[in-house]
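Presented below is the structure to which this report refers.
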Amino acid sequence: MRVLLVEDEPDLASAIARALTDAGFAVDIAADGEEGVFYATEIDYDAVVLDILLPVRDGWEVVRTLRAAGRILPVIMLTARDAVEDRVRGLNLGADDYLTKPFAIEELVARLRALGRRAASHPAPELIAGDVRLDMAMRRVYQGGREVELTGREYSILEILARSRGAIVSRTEIAQHLYPDDADILSNTIDVHVASLRRKLGGALIQTRRGLGYLIEG
Ligand code: CA
């Protein structure tokens, strides 16, 4: 399993990372909430371990942003002892589990393994668009039986269009989905990602409707 650890205290972060690595996980560390959102959007993690008190954007903001962007990966929040409201708030915002600090590393390992088993026992939700298949749990894309490597943003755009098969999706709708906190994204940015998707998947799948947006025919 590949795990993203979002924790701003360097000693604690490296101790947790070392223990998880020893337990067989691949671990990346993000030192603030902004970095956490960036990594979790760009890289396919199997789980996120998320502290609440973080610089730039706190853990609440991180989990809310990830869920608003359609990311369904499991999130374990690290909460203060006895902070029942914190746990409830985290679960309401879309966290899957929580651990109270301080915690035994074995417990974190066990929770992560349980999340991994849970993910493996549910058949992955799939979307089919033309000759392209999207595995939405893993955010992976296959065409003609082979996996196509997409960036996080490219995957998200493809998923929005595939979900809305047969309907035109405007650049504004795509931008709101991709960058929920930034309304001023240039529509040109979306066009660049779509051009890259066409290079990877062939030009026929995603069609342009001038002045309206993009379309995958249903
Ligand atoms: Ca902290």
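Here's how to read the names in the structure tokens: chain A, B, ... by the order shown, residue numbers from 1 in each chain, ligand numbers from 1 in the order shown.
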Nearby polymer residues, ligand 1, at most 8 Å, only C-alpha atoms and all ligand atoms, as a PyMOL selection string = chain A and resi 7-9+51-55
Might you pull out every residue within 6 Å of stretch 66-69 of chain A, with only C-alpha atoms counted and same-chain residues fewer than 2 positions away left off, and present them as a PyMOL selection string?
-> chain A and resi 63-64+71+177-178
The distance between atom CA of A:Ile206 and atom CA of A:Pro125 is 21.4 Å
Can you list, as an MDAnalysis selection string, every residue of stretch 36-146 of chain A that DSSP puts in strand (DSSP E)?
-> chainID A and resid 47:51 75:80 97:101 126:129 132:135 140:143 146
What is the distance between atom CA of A:Phe25 and atom CA of A:Thr151, in Å to one decimal?
-> 22.4 Å
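Going from atom CA of A:Lys101 over to atom CA of A:Arg117, you cover 24.0 Å.
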Which of chain A counts as helix (DSSP H, G or I) under DSSP, as a PyMOL selection string please?
-> chain A and resi 10-22+33-42+59-68+84-93+105-121+152-163+171-178+187-201
Contacts of A:Ile72 at 10 Å (only C-alpha atoms; same-chain gap of 3+ positions) as an mmCIF file with N, CA and C atoms, in the first residue's frame:
data_model
loop_
_atom_site.group_PDB
_atom_site.id
_atom_site.type_symbol
_atom_site.label_atom_id
_atom_site.label_comp_id
_atom_site.auth_asym_id
_atom_site.auth_seq_id
_atom_site.Cartn_x
_atom_site.Cartn_y
_atom_site.Cartn_z
ATOM 1 N N ASP A 46 -3.148 4.745 -1.581
ATOM 2 C CA ASP A 46 -4.156 3.807 -1.103
ATOM 3 C C ASP A 46 -4.810 4.331 0.166
ATOM 4 N N ALA A 47 -4.130 5.248 0.855
ATOM 5 C CA ALA A 47 -4.710 5.842 2.067
ATOM 6 C C ALA A 47 -3.942 7.111 2.433
ATOM 7 N N LEU A 66 -10.466 17.267 -0.750
ATOM 8 C CA LEU A 66 -10.303 16.007 -1.486
ATOM 9 C C LEU A 66 -11.656 15.420 -1.858
ATOM 10 N N ARG A 67 -12.597 15.439 -0.915
ATOM 11 C CA ARG A 67 -13.914 14.864 -1.218
ATOM 12 C C ARG A 67 -14.648 15.716 -2.253
ATOM 13 N N ALA A 68 -14.506 17.053 -2.153
ATOM 14 C CA ALA A 68 -15.173 17.933 -3.131
ATOM 15 C C ALA A 68 -14.627 17.683 -4.528
ATOM 16 N N ALA A 69 -13.356 17.256 -4.600
ATOM 17 C CA ALA A 69 -12.748 16.990 -5.914
ATOM 18 C C ALA A 69 -13.015 15.552 -6.365
ATOM 19 N N VAL A 75 -9.220 7.952 4.303
ATOM 20 C CA VAL A 75 -8.507 8.952 5.103
ATOM 21 C C VAL A 75 -8.641 8.593 6.591
ATOM 22 N N GLY A 94 -16.000 13.387 5.719
ATOM 23 C CA GLY A 94 -15.638 12.334 4.772
ATOM 24 C C GLY A 94 -14.430 11.504 5.166
ATOM 25 N N ALA A 95 -13.922 11.679 6.398
ATOM 26 C CA ALA A 95 -12.848 10.798 6.854
ATOM 27 C C ALA A 95 -13.422 9.405 7.105
ATOM 28 N N ASP A 96 -12.583 8.378 6.975
ATOM 29 C CA ASP A 96 -13.054 7.005 7.137
ATOM 30 C C ASP A 96 -12.807 6.476 8.541
ATOM 31 N N MET A 136 -12.601 3.510 -10.911
ATOM 32 C CA MET A 136 -12.729 4.741 -10.123
ATOM 33 C C MET A 136 -12.141 4.613 -8.726
ATOM 34 N N ALA A 137 -12.067 3.386 -8.207
ATOM 35 C CA ALA A 137 -11.475 3.230 -6.875
ATOM 36 C C ALA A 137 -9.973 3.504 -6.923
ATOM 37 N N MET A 138 -9.322 3.017 -7.965
ATOM 38 C CA MET A 138 -7.867 3.179 -8.063
ATOM 39 C C MET A 138 -7.479 4.368 -8.934
ATOM 40 N N ARG A 139 -8.477 5.012 -9.557
ATOM 41 C CA ARG A 139 -8.215 6.114 -10.484
ATOM 42 C C ARG A 139 -7.241 5.677 -11.574
#
